[in-house]
$ cat model-v9.cif   # mmCIF, C-alpha atoms
data_upload
#
loop_
_atom_site.label_atom_id
_atom_site.label_comp_id
_atom_site.auth_asym_id
_atom_site.auth_seq_id
_atom_site.Cartn_x
_atom_site.Cartn_y
_atom_site.Cartn_z
CA MET A 836 -1.98 10.56 -4.50
CA ILE A 837 -5.09 9.82 -2.47
CA ARG A 838 -7.28 12.79 -1.60
CA ASN A 839 -9.69 10.93 0.63
CA PHE A 840 -11.01 7.43 1.19
CA TRP A 841 -13.93 5.98 3.12
CA VAL A 842 -15.19 2.47 3.64
CA LYS A 843 -18.26 0.89 5.22
CA ASN A 844 -18.91 -2.71 6.26
CA TYR A 845 -15.48 -4.20 5.67
CA LEU A 846 -13.37 -6.37 8.02
CA SER A 847 -13.52 -4.70 11.46
CA ILE A 848 -15.09 -1.53 10.02
CA ARG A 849 -18.88 -1.48 10.37
CA ASP A 850 -19.85 2.18 10.07
CA LYS A 851 -18.43 4.59 7.51
CA GLN A 852 -14.83 5.49 8.43
CA GLU A 853 -12.76 8.00 6.49
CA LEU A 854 -9.19 9.08 5.88
CA ASP A 855 -8.98 12.62 4.47
CA PHE A 856 -5.55 13.84 3.38
CA SER A 857 -6.64 17.36 2.51
CA ALA A 858 -4.41 20.11 3.92
CA LYS A 859 -5.15 23.83 4.16
CA GLY A 860 -2.01 24.95 2.40
CA PRO A 861 1.74 24.45 1.91
CA SER A 862 2.42 24.46 5.64
CA SER A 863 5.50 22.22 5.61
CA GLU A 864 7.41 19.45 3.83
CA LEU A 865 4.61 17.15 4.95
CA VAL A 866 2.30 18.79 2.41
CA THR A 867 2.49 18.94 -1.37
CA GLU A 868 0.48 20.71 -4.08
CA VAL A 869 -0.82 17.85 -6.16
CA ALA A 870 -2.79 20.13 -8.51
CA GLU A 871 -3.26 23.87 -8.73
CA GLY A 872 -4.56 25.00 -5.35
CA VAL A 873 -4.95 21.42 -4.06
CA PHE A 874 -2.75 20.52 -1.09
CA LEU A 875 -2.50 17.02 0.33
CA TYR A 876 -0.56 15.35 3.13
CA LYS A 877 2.20 13.13 1.79
CA LEU A 878 2.27 11.10 5.00
CA GLY A 879 -0.50 9.42 6.97
CA ILE A 880 0.09 7.61 10.29
CA LEU A 881 -2.43 5.33 12.01
CA TYR A 882 -2.04 4.65 15.74
CA GLY A 883 -3.94 2.28 17.97
CA SER A 884 -3.65 -0.73 20.21
CA ASN A 885 -3.19 -4.24 18.87
CA ALA A 886 -6.34 -5.58 17.17
CA SER A 887 -7.84 -2.09 16.96
CA GLY A 888 -8.17 -2.29 13.16
CA LYS A 889 -5.29 -0.11 11.96
CA SER A 890 -4.11 -2.60 9.36
CA ASN A 891 -7.65 -3.15 8.09
CA MET A 892 -7.77 0.38 6.72
CA LEU A 893 -4.62 -0.29 4.71
CA ILE A 894 -6.16 -3.52 3.44
CA ALA A 895 -9.31 -1.64 2.46
CA LEU A 896 -7.28 0.98 0.59
CA ASN A 897 -5.50 -1.81 -1.20
CA GLU A 898 -8.76 -3.55 -2.04
CA VAL A 899 -10.50 -0.59 -3.67
CA PHE A 900 -7.70 -0.28 -6.23
CA ARG A 901 -7.55 -4.05 -6.75
CA LEU A 902 -11.26 -4.03 -7.53
CA LEU A 903 -10.76 -1.18 -9.96
CA ILE A 904 -7.99 -2.76 -12.06
CA LEU A 905 -8.15 -6.57 -11.76
CA PRO A 906 -10.56 -8.43 -14.09
CA GLN A 907 -12.17 -11.85 -13.71
CA ILE A 908 -12.31 -14.53 -16.38
CA ASP A 909 -15.12 -16.65 -14.96
CA ALA A 910 -18.45 -15.02 -14.13
CA ASN A 911 -18.98 -17.61 -11.38
CA ASP A 912 -15.87 -16.61 -9.43
CA GLY A 913 -16.55 -14.75 -6.22
CA ILE A 914 -15.00 -11.42 -5.30
CA VAL A 915 -11.93 -12.58 -3.39
CA GLY A 916 -11.51 -9.42 -1.36
CA CYS A 917 -15.08 -9.34 -0.10
CA SER A 918 -14.95 -9.53 3.70
CA PRO A 919 -17.85 -7.68 5.36
CA PHE A 920 -18.07 -6.91 9.07
CA ILE A 921 -19.09 -10.15 10.80
CA LEU A 922 -22.29 -8.74 12.38
CA THR A 923 -23.50 -7.26 9.08
CA LYS A 924 -22.15 -9.94 6.76
CA ASN A 925 -25.34 -10.06 4.69
CA GLU A 926 -25.07 -6.39 3.77
CA PRO A 927 -22.90 -5.08 0.92
CA THR A 928 -19.58 -3.31 1.34
CA GLU A 929 -19.24 0.29 0.23
CA MET A 930 -16.03 2.11 -0.69
CA HIS A 931 -15.12 5.53 -2.05
CA VAL A 932 -11.74 6.86 -3.09
CA SER A 933 -10.79 10.23 -4.56
CA PHE A 934 -7.29 10.15 -6.04
CA TYR A 935 -4.97 11.73 -8.58
CA ALA A 936 -3.44 10.03 -11.61
CA ASN A 937 -1.38 11.89 -14.21
CA GLY A 938 -2.36 15.11 -12.46
CA ILE A 939 -6.09 14.45 -12.95
CA ARG A 940 -8.51 13.86 -10.09
CA TYR A 941 -10.73 10.76 -10.15
CA ASP A 942 -13.61 9.88 -7.81
CA TYR A 943 -14.56 6.22 -7.60
CA ASP A 944 -17.49 4.69 -5.70
CA ILE A 945 -18.29 1.00 -5.51
CA ILE A 946 -20.84 -1.21 -3.73
CA PHE A 947 -20.30 -4.97 -3.83
CA ASN A 948 -21.06 -8.28 -2.14
CA GLU A 949 -19.28 -11.64 -2.32
CA LYS A 950 -20.62 -12.39 -5.80
CA HIS A 951 -21.33 -9.17 -7.66
CA ILE A 952 -20.47 -5.54 -8.05
CA LEU A 953 -23.85 -3.99 -7.41
CA SER A 954 -22.92 -0.53 -8.60
CA GLU A 955 -19.87 1.54 -9.43
CA VAL A 956 -19.36 5.03 -10.75
CA LEU A 957 -16.18 6.77 -11.83
CA HIS A 958 -15.99 10.53 -12.29
CA TYR A 959 -12.98 12.60 -13.29
CA TYR A 960 -11.93 16.22 -13.64
CA PRO A 961 -10.04 16.58 -16.95
CA LYS A 962 -10.63 20.35 -17.02
CA LYS A 963 -11.20 20.91 -13.28
CA SER A 964 -14.93 20.25 -13.67
CA LYS A 965 -16.54 16.97 -12.60
CA VAL A 966 -17.68 14.81 -15.52
CA LEU A 967 -18.73 11.19 -15.86
CA PHE A 968 -16.18 8.57 -16.85
CA TYR A 969 -18.61 5.65 -16.56
CA LYS A 970 -21.47 4.38 -14.43
CA ARG A 971 -22.65 0.79 -14.10
CA SER A 972 -25.42 -0.95 -12.19
CA PHE A 973 -26.21 -4.60 -11.54
CA VAL A 974 -29.28 -5.93 -13.38
CA GLY A 975 -29.34 -9.59 -12.43
CA GLU A 976 -27.55 -12.93 -12.34
CA ASN A 977 -26.11 -13.77 -15.78
CA VAL A 978 -27.51 -10.53 -17.15
CA GLN A 979 -25.31 -7.84 -18.68
CA SER A 980 -24.83 -4.82 -16.45
CA GLU A 981 -26.20 -1.45 -17.45
CA ILE A 982 -23.21 0.78 -18.28
CA LYS A 983 -23.27 4.43 -19.25
CA PHE A 984 -20.15 6.19 -20.55
CA GLY A 985 -19.30 9.87 -20.26
CA ALA A 986 -19.62 11.88 -23.47
CA SER A 987 -16.16 13.42 -22.94
CA LEU A 988 -14.55 10.00 -23.55
CA GLU A 989 -15.81 10.06 -27.15
CA LEU A 990 -16.02 6.27 -27.32
CA GLN A 991 -17.26 4.74 -30.56
CA THR A 992 -20.47 2.73 -30.34
CA ASP A 993 -18.76 -0.58 -31.10
CA THR A 994 -16.14 0.14 -28.41
CA GLN A 995 -18.88 0.79 -25.86
CA ASN A 996 -20.63 -2.44 -26.82
CA SER A 997 -17.39 -4.41 -26.59
CA ILE A 998 -16.76 -3.11 -23.06
CA ARG A 999 -20.31 -3.96 -21.99
CA GLU A 1000 -20.04 -7.48 -23.41
CA ASN A 1001 -16.77 -8.15 -21.58
CA THR A 1002 -17.75 -6.63 -18.23
CA LEU A 1003 -18.75 -9.50 -15.97
CA ASN A 1004 -20.81 -8.90 -12.86
CA ASN A 1005 -17.80 -9.65 -10.62
CA HIS A 1006 -15.26 -7.08 -11.84
CA SER A 1007 -15.04 -3.41 -12.68
CA VAL A 1008 -15.63 -1.79 -16.04
CA LEU A 1009 -12.13 -0.29 -16.08
CA SER A 1010 -10.47 -3.69 -15.66
CA VAL A 1011 -11.84 -4.87 -19.02
CA CYS A 1012 -8.96 -3.18 -20.80
CA ARG A 1013 -6.63 -5.70 -19.17
CA LYS A 1014 -8.29 -8.77 -20.64
CA VAL A 1015 -9.40 -7.74 -24.16
CA ALA A 1016 -7.88 -5.72 -26.98
CA LEU A 1017 -9.94 -2.63 -27.71
CA LYS A 1018 -9.79 0.16 -30.28
CA LYS A 1019 -7.67 3.31 -30.12
CA ASP A 1020 -10.47 5.36 -28.59
CA ILE A 1021 -9.98 3.38 -25.36
CA THR A 1022 -6.89 5.48 -24.53
CA PRO A 1023 -8.41 7.18 -21.43
CA PHE A 1024 -9.13 3.71 -19.99
CA LEU A 1025 -5.63 2.43 -20.75
CA ASP A 1026 -3.88 5.51 -19.38
CA LEU A 1027 -5.73 5.35 -16.06
CA HIS A 1028 -5.35 1.59 -15.72
CA LYS A 1029 -1.61 1.74 -16.43
CA TRP A 1030 -1.09 4.59 -13.96
CA ILE A 1031 -2.79 2.71 -11.14
CA ILE A 1032 -0.85 -0.50 -11.80
CA THR A 1033 2.45 1.39 -11.94
CA ASN A 1034 2.00 3.91 -9.15
CA TYR A 1035 -0.43 2.48 -6.57
CA HIS A 1036 1.07 -0.43 -4.63
CA GLU A 1037 -0.16 -3.22 -2.39
CA VAL A 1038 0.33 -3.29 1.37
CA ASP A 1039 4.07 -3.67 2.14
CA GLY A 1040 4.88 -3.45 -1.57
CA ASP A 1041 4.10 -5.56 -4.61
CA ASP A 1042 7.00 -7.97 -4.05
CA LYS A 1043 6.24 -9.18 -0.53
CA LYS A 1044 7.45 -12.67 -1.42
CA LYS A 1045 10.74 -11.43 -2.82
CA GLY A 1046 13.70 -12.17 -0.57
CA ILE A 1047 16.43 -9.77 0.52
CA VAL A 1048 18.89 -11.34 -1.92
CA ASP A 1049 16.57 -10.69 -4.87
CA ILE A 1050 15.86 -7.14 -3.70
CA LEU A 1051 19.55 -6.32 -3.48
CA LYS A 1052 20.38 -8.11 -6.73
CA ASP A 1053 17.76 -6.09 -8.59
CA ALA A 1054 19.17 -2.84 -7.20
CA TYR A 1055 22.73 -3.94 -7.98
CA ASN A 1056 21.88 -4.13 -11.69
CA ILE A 1057 20.49 -0.57 -11.84
CA PRO A 1058 23.38 1.93 -11.36
CA GLN A 1059 21.29 4.79 -9.92
CA LYS A 1060 19.40 2.47 -7.59
CA TYR A 1061 22.59 0.73 -6.48
CA ARG A 1062 24.15 4.11 -5.60
CA PHE A 1063 21.00 5.00 -3.66
CA TYR A 1064 21.11 1.77 -1.67
CA ASN A 1065 24.76 2.20 -0.76
CA LEU A 1066 24.22 5.85 0.17
CA MET A 1067 21.30 4.96 2.44
CA LEU A 1068 23.27 2.14 4.06
CA GLN A 1069 26.17 4.51 4.74
CA LYS A 1070 23.92 7.22 6.18
CA ALA A 1071 22.12 4.76 8.46
CA ASP A 1072 25.23 4.34 10.66
CA LEU A 1073 25.29 0.58 10.11
CA ASN A 1074 29.06 0.62 9.52
CA ILE A 1075 28.37 -0.52 5.94
CA LEU A 1076 30.17 1.07 2.98
CA GLU A 1077 28.49 -0.91 0.22
CA TYR A 1078 27.35 -4.38 -0.73
CA LYS A 1079 28.18 -6.75 -3.55
CA THR A 1080 26.77 -9.90 -5.06
CA ILE A 1081 28.63 -13.18 -4.69
CA VAL A 1082 28.36 -16.07 -7.13
CA GLU A 1083 29.57 -19.45 -5.89
CA ASP A 1084 29.68 -22.93 -7.42
CA ARG A 1085 27.17 -25.47 -6.15
CA VAL A 1086 27.99 -29.09 -5.53
CA ILE A 1087 24.98 -31.29 -6.26
CA PRO A 1088 25.47 -34.97 -5.37
CA ASP A 1089 24.82 -37.38 -8.25
CA LYS A 1090 21.95 -39.11 -6.43
CA THR A 1091 20.26 -35.77 -5.73
CA ARG A 1092 20.70 -34.69 -9.34
CA GLU A 1093 19.22 -37.96 -10.61
CA TYR A 1094 16.27 -37.68 -8.21
CA ILE A 1095 15.47 -34.16 -9.41
CA ILE A 1096 15.71 -35.10 -13.09
CA GLN A 1097 13.48 -38.16 -12.75
CA ASN A 1098 10.89 -36.61 -10.42
CA GLY A 1099 7.67 -36.12 -12.36
CA ASN A 1100 6.24 -33.74 -9.77
CA PHE A 1101 8.77 -31.05 -10.63
CA SER A 1102 8.15 -28.75 -13.57
CA GLU A 1103 11.01 -27.99 -15.95
CA GLU A 1104 11.35 -24.54 -14.42
CA VAL A 1105 11.66 -25.96 -10.91
CA LYS A 1106 14.20 -28.51 -12.10
CA GLU A 1107 16.24 -25.75 -13.72
CA VAL A 1108 16.37 -23.82 -10.44
CA LEU A 1109 17.22 -26.91 -8.38
CA LEU A 1110 19.99 -27.91 -10.78
CA LYS A 1111 21.47 -24.46 -11.19
CA PRO A 1112 25.28 -24.85 -11.01
CA THR A 1113 25.82 -21.66 -9.02
CA THR A 1114 24.28 -19.84 -6.05
CA GLU A 1115 24.07 -16.12 -5.50
CA SER A 1116 24.31 -14.30 -2.20
CA ILE A 1117 25.15 -10.88 -0.80
CA ALA A 1118 28.11 -9.61 1.19
CA PHE A 1119 28.28 -6.25 2.95
CA ILE A 1120 31.54 -4.34 3.04
CA ASN A 1121 32.15 -2.99 6.53
CA GLN A 1122 34.90 -0.64 7.63
CA SER A 1123 37.25 -0.43 10.58
CA ALA A 1124 40.50 1.31 11.54
CA ASN A 1125 42.34 -1.88 10.57
CA GLY A 1126 40.79 -2.09 7.10
CA ASN A 1127 37.59 -3.15 5.41
CA PHE A 1128 36.05 -6.57 5.80
CA GLU A 1129 33.04 -8.52 4.50
CA ILE A 1130 30.04 -9.75 6.48
CA PRO A 1131 27.63 -12.16 4.75
CA LEU A 1132 23.92 -11.47 4.59
CA ASP A 1133 22.98 -14.17 7.10
CA ARG A 1134 25.14 -12.47 9.76
CA GLN A 1135 23.32 -9.15 9.55
CA SER A 1136 20.97 -8.02 12.32
CA LYS A 1137 17.22 -8.25 12.03
CA GLY A 1138 16.98 -4.46 12.07
CA THR A 1139 19.45 -4.10 9.21
CA LEU A 1140 17.50 -6.58 7.10
CA LYS A 1141 14.26 -4.77 7.88
CA TYR A 1142 15.80 -1.47 6.81
CA VAL A 1143 17.08 -2.98 3.56
CA SER A 1144 13.65 -4.44 2.81
CA ILE A 1145 11.99 -1.00 2.79
CA LEU A 1146 14.64 0.85 0.77
CA ASP A 1147 12.99 -0.20 -2.49
CA THR A 1148 9.84 1.63 -1.41
CA LEU A 1149 11.83 4.72 -0.46
CA TYR A 1150 13.66 4.73 -3.79
CA ASP A 1151 10.40 4.65 -5.72
CA MET A 1152 8.88 7.45 -3.68
CA VAL A 1153 11.80 9.87 -4.06
CA THR A 1154 12.31 9.17 -7.78
CA GLY A 1155 8.68 9.09 -8.94
CA SER A 1156 5.03 9.54 -7.95
CA HIS A 1157 3.97 6.51 -5.93
CA VAL A 1158 1.52 5.58 -3.20
CA TYR A 1159 2.67 2.95 -0.68
CA TYR A 1160 1.13 1.42 2.44
CA LEU A 1161 3.52 0.02 5.07
CA ASP A 1162 2.11 -1.93 8.00
CA GLU A 1163 3.79 -1.58 11.42
CA LEU A 1164 6.60 0.59 10.13
CA GLY A 1165 9.17 1.01 12.87
CA GLU A 1166 9.19 -2.64 13.86
CA ASP A 1167 12.83 -3.75 14.40
CA LEU A 1168 14.12 -0.23 13.66
CA HIS A 1169 15.70 2.19 16.13
CA ASN A 1170 13.40 5.19 16.45
CA ASP A 1171 16.11 7.55 15.13
CA LEU A 1172 16.47 5.40 12.02
CA LEU A 1173 12.69 5.44 11.57
CA TYR A 1174 12.64 9.27 11.81
CA TYR A 1175 15.50 9.42 9.33
CA TYR A 1176 13.69 7.17 6.83
CA LEU A 1177 10.53 9.29 7.01
CA ASN A 1178 12.46 12.55 6.71
CA VAL A 1179 14.33 11.33 3.63
CA PHE A 1180 10.95 10.58 2.10
CA LEU A 1181 9.35 13.90 3.09
CA PHE A 1182 12.24 16.15 2.08
CA ASN A 1183 13.12 14.41 -1.20
CA SER A 1184 9.76 13.39 -2.69
CA GLU A 1185 7.36 15.61 -4.58
CA LYS A 1186 4.07 13.84 -5.28
CA SER A 1187 4.45 10.47 -3.54
CA GLN A 1188 2.40 9.40 -0.55
CA LEU A 1189 3.13 7.01 2.30
CA ILE A 1190 0.41 5.69 4.61
CA ILE A 1191 1.61 3.65 7.59
CA THR A 1192 0.52 2.02 10.79
CA SER A 1193 2.96 2.18 13.67
CA GLN A 1194 3.43 1.58 17.38
CA GLU A 1195 6.31 4.05 17.52
CA THR A 1196 4.47 6.73 19.48
CA THR A 1197 7.55 8.95 19.88
CA LEU A 1198 6.95 10.03 16.27
CA LEU A 1199 4.19 12.19 17.74
CA SER A 1200 6.79 14.20 19.67
CA GLN A 1201 8.46 15.35 16.45
CA ASP A 1202 7.64 18.98 15.61
CA LEU A 1203 6.85 18.13 11.99
CA ILE A 1204 4.16 15.66 13.08
CA ASN A 1205 2.86 17.64 16.05
CA GLU A 1206 2.35 20.70 13.83
CA ASN A 1207 0.57 18.68 11.13
CA ARG A 1208 -2.00 16.77 13.18
CA GLY A 1209 -4.22 16.21 10.15
CA ALA A 1210 -1.74 13.55 9.02
CA VAL A 1211 -2.38 11.37 12.10
CA TRP A 1212 -5.33 9.09 12.95
CA PHE A 1213 -6.12 7.32 16.20
CA VAL A 1214 -7.94 3.99 15.93
CA GLU A 1215 -9.85 2.14 18.61
CA LYS A 1216 -12.56 -0.48 18.95
CA ASN A 1217 -16.09 0.56 19.84
CA ARG A 1218 -16.94 -1.54 22.89
CA GLU A 1219 -20.62 -1.77 21.94
CA THR A 1220 -20.19 -2.83 18.32
CA ALA A 1221 -16.64 -4.29 18.33
CA SER A 1222 -15.98 -2.26 15.18
CA SER A 1223 -13.06 0.06 14.46
CA GLU A 1224 -13.38 3.84 14.67
CA TYR A 1225 -10.89 6.36 13.26
CA ALA A 1226 -10.35 9.93 14.47
CA ARG A 1227 -8.05 12.44 12.78
CA GLY A 1228 -5.49 14.08 15.02
CA ASP A 1229 -6.83 17.59 14.45
CA SER A 1230 -10.41 16.64 15.41
CA PHE A 1231 -9.86 16.66 19.20
CA GLY A 1232 -9.68 20.43 19.61
CA LEU A 1233 -6.24 20.36 21.23
CA HIS A 1234 -4.53 23.72 21.64
CA LYS A 1235 -1.54 24.08 19.34
CA ASN A 1236 0.76 24.40 22.35
CA LEU A 1237 -0.34 21.04 23.73
CA SER A 1238 1.86 18.09 22.81
CA LEU A 1239 0.18 15.46 20.67
CA TYR A 1240 2.57 12.89 22.10
CA ASN A 1241 1.78 13.71 25.74
CA SER A 1242 -1.94 13.86 25.02
CA TYR A 1243 -1.87 10.39 23.50
CA ARG A 1244 0.41 8.97 26.18
CA THR A 1245 -1.94 10.13 28.97
CA GLY A 1246 -4.98 8.63 27.25
CA ARG A 1247 -6.61 11.89 26.22
CA LEU A 1248 -6.91 10.78 22.58
CA GLY A 1249 -8.01 7.20 23.27
CA ALA A 1250 -6.79 4.44 20.94
CA LYS A 1251 -4.83 2.79 23.78
CA PRO A 1252 -5.28 -0.67 25.33
CA GLU A 1253 -7.09 -0.84 28.67
CA LEU A 1254 -5.12 -3.53 30.44
CA GLY A 1255 -6.11 -5.57 33.45
CA SER A 1256 -4.31 -6.15 36.72
CA ILE A 1257 -0.76 -7.46 36.56
CA PHE A 1258 -1.59 -9.98 39.30
CA ILE A 1259 -2.72 -13.43 38.14
CA ASN A 1260 -4.94 -15.80 40.12
CA LEU A 1261 -5.36 -19.24 38.56
CA GLU A 1262 -7.44 -20.70 41.38
CA ASP A 1263 -11.17 -21.27 40.90
#
$ encode --input "model-v9.cif" --output "structure tokens"
Amino acid sequence: MIRNFWVKNYLSIRDKQELDFSAKGPSSELVTEVAEGVFLYKLGILYGSNASGKSNMLIALNEVFRLLILPQIDANDGIVGCSPFILTKNEPTEMHVSFYANGIRYDYDIIFNEKHILSEVLHYYPKKSKVLFYKRSFVGENVQSEIKFGASLELQTDTQNSIRENTLNNHSVLSVCRKVALKKDITPFLDLHKWIITNYHEVDGDDKKKGIVDILKDAYNIPQKYRFYNLMLQKADLNILEYKTIVEDRVIPDKTREYIIQNGNFSEEVKEVLLKPTTESIAFINQSANGNFEIPLDRQSKGTLKYVSILDTLYDMVTGSHVYYLDELGEDLHNDLLYYYLNVFLFNSEKSQLIITSQETTLLSQDLINENRGAVWFVEKNRETASSEYARGDSFGLHKNLSLYNSYRTGRLGAKPELGSIFINLED
């Protein structure tokens, strides 16, 4: 889980902006004890008008972990995720994240530009006290970085030298363990790297390009997951009992088959897919007083498909310890179904965390959210700098009896669009 995160000079964020998930105690199902005496919010919600910069914070959160775990092969490659604020594009980007992995707290700080990581330092708390994991600093173009390792890691000298030799100026020290084989004393590196890859996910999930058919097929082949999907479909009042996969024969005309086989632009893998003798699809079993009937996937509503697409995320969060970011959650969903999805997560997960952006402001009227205002941020653009600014919901000094929803709706918390007149004059 993420304890806190701040970023400076990235996308629409010019000045340092922070998300802090620290909670005072076990106040509700919205809060979990991630370590002894450490309580964090499991849910974070970002509100703001369109183009205010809500999504950019999710992208920044995603980027800091990508920088930490993904190596580069060529020292001349730029840092793909480098995207400084347009008015300070010649200045470096700074990020900090404090997070938990395997029950241990880690603090990571990084400063980088489009070509190099200028500095990075990773601390951890293996016995509740802060100790150095590693620290690196940029020396110069085509010059090996200076890297210092914490004594508690007990790395052999040749292991330290191997890491230094394989750490290019455009990727993190930790990511080296993904591109070279190191000795057994590298275990602390491997454990942390594996945890991040497995448990910290990209915006909208790691399989954004995976279609609904593939999502449902994967779940169908895992009994527990398949039961979960069917249960969630039944509870969502979609009139769906379950779903099943359908395999049908394909008819490929001879001319089409010959064209595919002889086409030199197609790889063998592509040809295999194009010439596959069967197709797979999904059918949903619906119920009625006159009996059950099937409805194919392409006849389902947009809202149903949206709901199905986020069930994989929900399954992970209630069966393990995962961190997910979902952008514009609530889009295409009835607000009651959105509340239900979030409540299933909150009441059935232990140490997972979900950070979302949303335009569904009625969430703020829910007692669970209104009473835990530290889990909400309001985002708006600074008119002088055109940069995004984030304010936590409990920073406005609102009395506990005041409704967060009404306060936002009336403009008291900002983060709302200031719209012009509805009358249009197109004459000069």
$ closest_residue --input "model-v9.cif" --among "A:Gln1201, A:Gln979, A:Ser890, A:Ser847" --to "Leu922 (chain A)" --atoms "all atoms listed in the file"
A:Ser847
$ closest_residue --input "model-v9.cif" --among "A:Ser972, A:Ser863, A:Thr1148, A:Thr1091" --to "Val1038 (chain A)" --atoms "only C-alpha atoms"
A:Thr1148
$ residues_around --input "model-v9.cif" --residues "region 1078-1090 of chain A" --least-positions-apart "5" --cutoff "7 Å" --atoms "only C-alpha atoms" --output "MDAnalysis selection string"
chainID A and resid 1052 1112:1120
$ resolve_selection --input "model-v9.cif" --expression "the PyMOL selection byres ((chain A and resi 882) around 8)" --output "list in words"
Ile880, Leu881, Gly883, Ser884, Lys889, Thr1192, Ser1193, Gln1194, Thr1196, Val1211, Trp1212, Phe1213, Val1214 and Ala1250 of chain A
$ residues_near_point --input "model-v9.cif" --point "(-25.2, -7.3, -3.1)" --cutoff "10 Å" --atoms "all atoms listed in the file" --output "PyMOL selection string"
chain A and resi 925-928+946-954+973
$ atom_distance --input "model-v9.cif" --atom1 "CA of Val1011 (chain A)" --atom2 "CA of Thr1033 (chain A)"
17.1 Å
$ closest_residue --input "model-v9.cif" --among "A:Asn977, A:Ser1102, A:Ser964, A:Asn1178" --to "Leu1198 (chain A)" --atoms "only C-alpha atoms"
A:Asn1178
$ resolve_selection --input "model-v9.cif" --expression "the PyMOL selection byres ((chain A and resi 969) around 8)" --output "ChimeraX atom specification"
/A:956-958,967-968,970-971,982-985
$ atom_distance --input "model-v9.cif" --atom1 "CA of His1036 (chain A)" --atom2 "CA of Val915 (chain A)"
17.8 Å
$ closest_residue --input "model-v9.cif" --among "A:Glu1206, A:Glu1103, A:Asp850, A:Asp1171" --to "Gly1228 (chain A)" --atoms "all atoms listed in the file"
A:Glu1206
$ resolve_selection --input "model-v9.cif" --expression "the PyMOL selection byres ((chain A and resi 1060-1066) around 9)" --output "ChimeraX atom specification"
/A:1051,1053-1059,1067-1071,1075-1078,1143,1146-1147,1150
$ closest_residue --input "model-v9.cif" --among "A:Leu1109, A:Asn1074, A:Asn1005, A:Glu955" --to "Ser1123 (chain A)" --atoms "only C-alpha atoms"
A:Asn1074
$ atom_distance --input "model-v9.cif" --atom1 "CA of Pro861 (chain A)" --atom2 "CA of Asn1207 (chain A)"
10.9 Å
$ residues_around --input "model-v9.cif" --residues "Glu864 (chain A)" --least-positions-apart "6" --cutoff "10 Å" --atoms "only C-alpha atoms" --output "list in words"
Tyr876, Lys877, Leu878, Asn1178, Phe1180, Leu1181, Phe1182, Asn1183, Ser1184, Glu1185 and Leu1203 of chain A
$ closest_residue --input "model-v9.cif" --among "A:Asn1217, A:Ser857, A:Asn844, A:Ser980" --to "Asp1229 (chain A)" --atoms "all atoms listed in the file"
A:Ser857
$ residues_around --input "model-v9.cif" --residues "Pro906 (chain A)" --least-positions-apart "3" --cutoff "10 Å" --atoms "only C-alpha atoms" --output "MDAnalysis selection string"
chainID A and resid 901:903 909 1001:1003 1005:1014
$ write_last_selection --input "model-v9.cif" --atoms "C-alpha atoms" --output "CSV table (one decimal), in the coordinates of the input"
chain,number,residue,atom,x,y,z
A,901,ARG,CA,-7.6,-4.0,-6.8
A,902,LEU,CA,-11.3,-4.0,-7.5
A,903,LEU,CA,-10.8,-1.2,-10.0
A,909,ASP,CA,-15.1,-16.6,-15.0
A,1001,ASN,CA,-16.8,-8.2,-21.6
A,1002,THR,CA,-17.8,-6.6,-18.2
A,1003,LEU,CA,-18.8,-9.5,-16.0
A,1005,ASN,CA,-17.8,-9.6,-10.6
A,1006,HIS,CA,-15.3,-7.1,-11.8
A,1007,SER,CA,-15.0,-3.4,-12.7
A,1008,VAL,CA,-15.6,-1.8,-16.0
A,1009,LEU,CA,-12.1,-0.3,-16.1
A,1010,SER,CA,-10.5,-3.7,-15.7
A,1011,VAL,CA,-11.8,-4.9,-19.0
A,1012,CYS,CA,-9.0,-3.2,-20.8
A,1013,ARG,CA,-6.6,-5.7,-19.2
A,1014,LYS,CA,-8.3,-8.8,-20.6
$ residues_near_point --input "model-v9.cif" --point "(-1.7, 6.9, -16.0)" --cutoff "12 Å" --atoms "only C-alpha atoms" --output "PyMOL selection string"
chain A and resi 934-941+1022-1035+1156-1157
